[in-house]
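Heads up: the structure comes next, in structure tokens.
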Amino acid sequence: MRKDYSSTPLPKKLGSLRFAVMGDVGRGDDAQYGTAAEMARWRERFDFSFVLMLGVNMYAAGTPDDYAARFERPYQPLLDKGVTFFAANGNHDPPNILDYPLYNMHGNRYYTFARSEGALAQRKVKFFAVDTVMLDSVQLAWLRRELGASDDGWEIVFFHHPLYTSGRYSAGALRIRRVLEPVFRQFGADVALAGHEHVYERLVPQGGILYFTSG
């Protein structure tokens, strides 16, 4: 039975930046299509302009038919409305996601983009897509440089493997946390978004950083 959320209060402050977040999608099954339909329905009330994809965006080889069945068809109502998708790499994603145009990665494993909080707002929000599948020294140097140079109002990092979890990947989370969290804290990340665990979690701020998992 579909629940009625019409009376649910939403954070729609005038001039706010609104976006959606999802992770571990791309199976092409009824659950994905049903969730995509709910996202389109919710957008009628909460007009998000883009979606962050937290890795494992494509559980398939990445053929044109895969992208059609597991991305373009389920999210066509959102794409038709001009909603943009930005993907982070995940451990089950095929290599060619980097070049799939609708994921807006432009051939890069890690990248940044910025958005204003509103048409007349002076502050910007800067987003950093991080590739936790391969955290090499080159990427870490890039992250330090980009975070350190950012003077925007908000810095939001998004990636696949969580730094904190109560799920089954806690050992892996600890290893990634030892690498990434010092960088986030030193250079002022505000929010960190991850997938991988097939749960939703939000944490009490750790070192001033808000952590969310949406897998």
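Residues are referred to by chain and number: the chain letter is A, B, ... according to the order shown in the structure tokens, the number counts from 1 in that chain, and ligands are numbered separately from 1 in the order shown.
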For this session: Can you pull out every residue within 8 Å of range 30-41 of chain A, counting only C-alpha atoms, but drop anything in the same chain fewer than 5 positions away, and send it as a PyMOL selection string?
Result: chain A and resi 25+74-75+77-78
Find the nearest atom pair between each residue of range 118-186 of chain A and range 89-97 of chain A for residues within 9 Å, count only C-alpha atoms, give distances in Å to one decimal, sort rows by chain and ascending number, and present the table as a Markdown table.
```
| residue | atom | partner | partner_atom | distance |
| --- | --- | --- | --- | --- |
| A:Ala129 | CA | A:Asn89 | CA | 8.3 |
| A:Val130 | CA | A:Asn89 | CA | 7.7 |
| A:Asp131 | CA | A:Asn89 | CA | 5.6 |
| A:Thr132 | CA | A:Gly90 | CA | 7.5 |
| A:Val133 | CA | A:Asn91 | CA | 5.9 |
| A:Phe159 | CA | A:Asn89 | CA | 7.1 |
| A:His160 | CA | A:Gly90 | CA | 5.4 |
| A:His161 | CA | A:Gly90 | CA | 7.8 |
```
What would the file look like if the residues just selected were written as a short mmCIF file (atom, residue, chain, number, x, y, z; two decimals), in the first residue's frame with N, CA, C and O atoms?
```
data_model
loop_
_atom_site.label_atom_id
_atom_site.label_comp_id
_atom_site.auth_asym_id
_atom_site.auth_seq_id
_atom_site.Cartn_x
_atom_site.Cartn_y
_atom_site.Cartn_z
N ALA A 129 33.23 14.43 -5.69
CA ALA A 129 33.04 13.00 -5.92
C ALA A 129 34.38 12.31 -5.70
O ALA A 129 35.37 12.62 -6.37
N VAL A 130 34.42 11.37 -4.76
CA VAL A 130 35.65 10.68 -4.39
C VAL A 130 35.52 9.21 -4.80
O VAL A 130 34.46 8.61 -4.64
N ASP A 131 36.58 8.64 -5.31
CA ASP A 131 36.60 7.23 -5.71
C ASP A 131 37.23 6.41 -4.58
O ASP A 131 38.45 6.33 -4.47
N THR A 132 36.39 5.80 -3.74
CA THR A 132 36.91 4.98 -2.63
C THR A 132 37.31 3.58 -3.07
O THR A 132 37.84 2.82 -2.26
N VAL A 133 37.05 3.23 -4.33
CA VAL A 133 37.49 1.93 -4.83
C VAL A 133 39.01 1.89 -4.94
O VAL A 133 39.65 0.87 -4.67
N PHE A 159 30.72 9.54 -2.03
CA PHE A 159 31.55 8.41 -2.43
C PHE A 159 30.80 7.13 -2.11
O PHE A 159 29.66 7.16 -1.61
N HIS A 160 31.44 5.98 -2.35
CA HIS A 160 30.73 4.71 -2.19
C HIS A 160 30.88 4.09 -0.80
O HIS A 160 29.88 3.80 -0.13
N HIS A 161 32.09 3.84 -0.34
CA HIS A 161 32.30 3.11 0.91
C HIS A 161 32.20 4.03 2.12
O HIS A 161 32.91 5.03 2.19
#
```
Exercise. In range 31-134 of chain A, what's helix (DSSP H, G or I) per DSSP? Answer as a ChimeraX atom specification?
Worked result: /A:31-43,64-72,76-80,95-99,101-103
Problem set entry | Who sits within 8 Å of Pro162 in chain A, only C-alpha atoms, same chain under 4 positions skipped, as a PyMOL selection string | chain A and resi 173+176+193-197+213
Hey, can you spit out that residue selection with all heavy atoms as a PDB file, in the first residue's frame?
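Output file selection.pdb follows:
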```
ATOM      1  N   ALA A 173      35.282  -0.015   6.695  1.00  0.00           N
ATOM      2  CA  ALA A 173      35.020   1.388   7.014  1.00  0.00           C
ATOM      3  C   ALA A 173      36.150   1.982   7.847  1.00  0.00           C
ATOM      4  O   ALA A 173      36.555   3.129   7.649  1.00  0.00           O
ATOM      5  CB  ALA A 173      33.691   1.519   7.747  1.00  0.00           C
ATOM      6  N   ILE A 176      39.153   2.830   5.578  1.00  0.00           N
ATOM      7  CA  ILE A 176      38.936   4.030   4.767  1.00  0.00           C
ATOM      8  C   ILE A 176      38.907   5.272   5.653  1.00  0.00           C
ATOM      9  O   ILE A 176      39.414   6.339   5.270  1.00  0.00           O
ATOM     10  CB  ILE A 176      37.642   3.878   3.951  1.00  0.00           C
ATOM     11  CG1 ILE A 176      37.816   2.785   2.889  1.00  0.00           C
ATOM     12  CG2 ILE A 176      37.254   5.199   3.287  1.00  0.00           C
ATOM     13  CD1 ILE A 176      36.571   2.452   2.121  1.00  0.00           C
ATOM     14  N   LEU A 193      28.644  11.762   2.294  1.00  0.00           N
ATOM     15  CA  LEU A 193      27.545  10.889   1.869  1.00  0.00           C
ATOM     16  C   LEU A 193      28.124   9.622   1.256  1.00  0.00           C
ATOM     17  O   LEU A 193      28.985   9.693   0.382  1.00  0.00           O
ATOM     18  CB  LEU A 193      26.672  11.599   0.846  1.00  0.00           C
ATOM     19  CG  LEU A 193      26.106  12.962   1.262  1.00  0.00           C
ATOM     20  CD1 LEU A 193      25.530  13.686   0.053  1.00  0.00           C
ATOM     21  CD2 LEU A 193      25.038  12.785   2.329  1.00  0.00           C
ATOM     22  N   ALA A 194      27.652   8.454   1.693  1.00  0.00           N
ATOM     23  CA  ALA A 194      28.177   7.175   1.216  1.00  0.00           C
ATOM     24  C   ALA A 194      27.049   6.189   0.960  1.00  0.00           C
ATOM     25  O   ALA A 194      25.919   6.361   1.434  1.00  0.00           O
ATOM     26  CB  ALA A 194      29.154   6.590   2.236  1.00  0.00           C
ATOM     27  N   GLY A 195      27.379   5.134   0.209  1.00  0.00           N
ATOM     28  CA  GLY A 195      26.451   4.040  -0.042  1.00  0.00           C
ATOM     29  C   GLY A 195      27.025   2.739   0.504  1.00  0.00           C
ATOM     30  O   GLY A 195      27.424   2.643   1.649  1.00  0.00           O
ATOM     31  N   HIS A 196      27.080   1.704  -0.341  1.00  0.00           N
ATOM     32  CA  HIS A 196      27.716   0.404  -0.071  1.00  0.00           C
ATOM     33  C   HIS A 196      26.907  -0.463   0.889  1.00  0.00           C
ATOM     34  O   HIS A 196      26.513  -1.573   0.533  1.00  0.00           O
ATOM     35  CB  HIS A 196      29.134   0.608   0.431  1.00  0.00           C
ATOM     36  CG  HIS A 196      29.979  -0.635   0.394  1.00  0.00           C
ATOM     37  ND1 HIS A 196      30.082  -1.423  -0.727  1.00  0.00           N
ATOM     38  CD2 HIS A 196      30.773  -1.212   1.350  1.00  0.00           C
ATOM     39  CE1 HIS A 196      30.890  -2.441  -0.486  1.00  0.00           C
ATOM     40  NE2 HIS A 196      31.314  -2.338   0.761  1.00  0.00           N
ATOM     41  N   GLU A 197      26.698  -0.003   2.125  1.00  0.00           N
ATOM     42  CA  GLU A 197      25.794  -0.717   3.019  1.00  0.00           C
ATOM     43  C   GLU A 197      24.367  -0.478   2.535  1.00  0.00           C
ATOM     44  O   GLU A 197      23.981   0.662   2.265  1.00  0.00           O
ATOM     45  CB  GLU A 197      25.935  -0.187   4.452  1.00  0.00           C
ATOM     46  CG  GLU A 197      27.277  -0.451   5.102  1.00  0.00           C
ATOM     47  CD  GLU A 197      27.414  -1.867   5.654  1.00  0.00           C
ATOM     48  OE1 GLU A 197      26.578  -2.728   5.292  1.00  0.00           O
ATOM     49  OE2 GLU A 197      28.364  -2.103   6.424  1.00  0.00           O
ATOM     50  N   THR A 213      24.614   7.520   5.311  1.00  0.00           N
ATOM     51  CA  THR A 213      24.705   6.377   4.405  1.00  0.00           C
ATOM     52  C   THR A 213      23.350   6.168   3.762  1.00  0.00           C
ATOM     53  O   THR A 213      22.327   6.137   4.465  1.00  0.00           O
ATOM     54  CB  THR A 213      25.127   5.099   5.148  1.00  0.00           C
ATOM     55  OG1 THR A 213      26.416   5.291   5.725  1.00  0.00           O
ATOM     56  CG2 THR A 213      25.184   3.914   4.191  1.00  0.00           C
TER      57      THR A 213
END
```
Exercise. What is the CA of Ala171 in chain A to CA of Thr112 in chain A distance in Å?
Worked result: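 We find that CA of Ala171 in chain A and CA of Thr112 in chain A lie 28.1 Å from each other.
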For this session: Would you mind reading off the distance between CA of Gly208 in chain A and CA of Asn104 in chain A, one decimal, in Å?
Result: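 Going from CA of Gly208 in chain A over to CA of Asn104 in chain A, I get 29.4 Å.
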Problem set entry | Gly188 in chain A surroundings by only C-alpha atoms, 12 Å radius, close-in-sequence under 6 positions cut, as a list in words |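 Counting only the stated atoms, we get Lys126, Leu143, Arg144, Arg145, Glu146, Leu147, Gly148, Ala149, Ser150, Asp151, Asp152, Gly153, Trp154, Glu155, Ile156, Val157, Glu181, Pro182, Gly207, Gly208, Ile209 and Leu210 of chain A.
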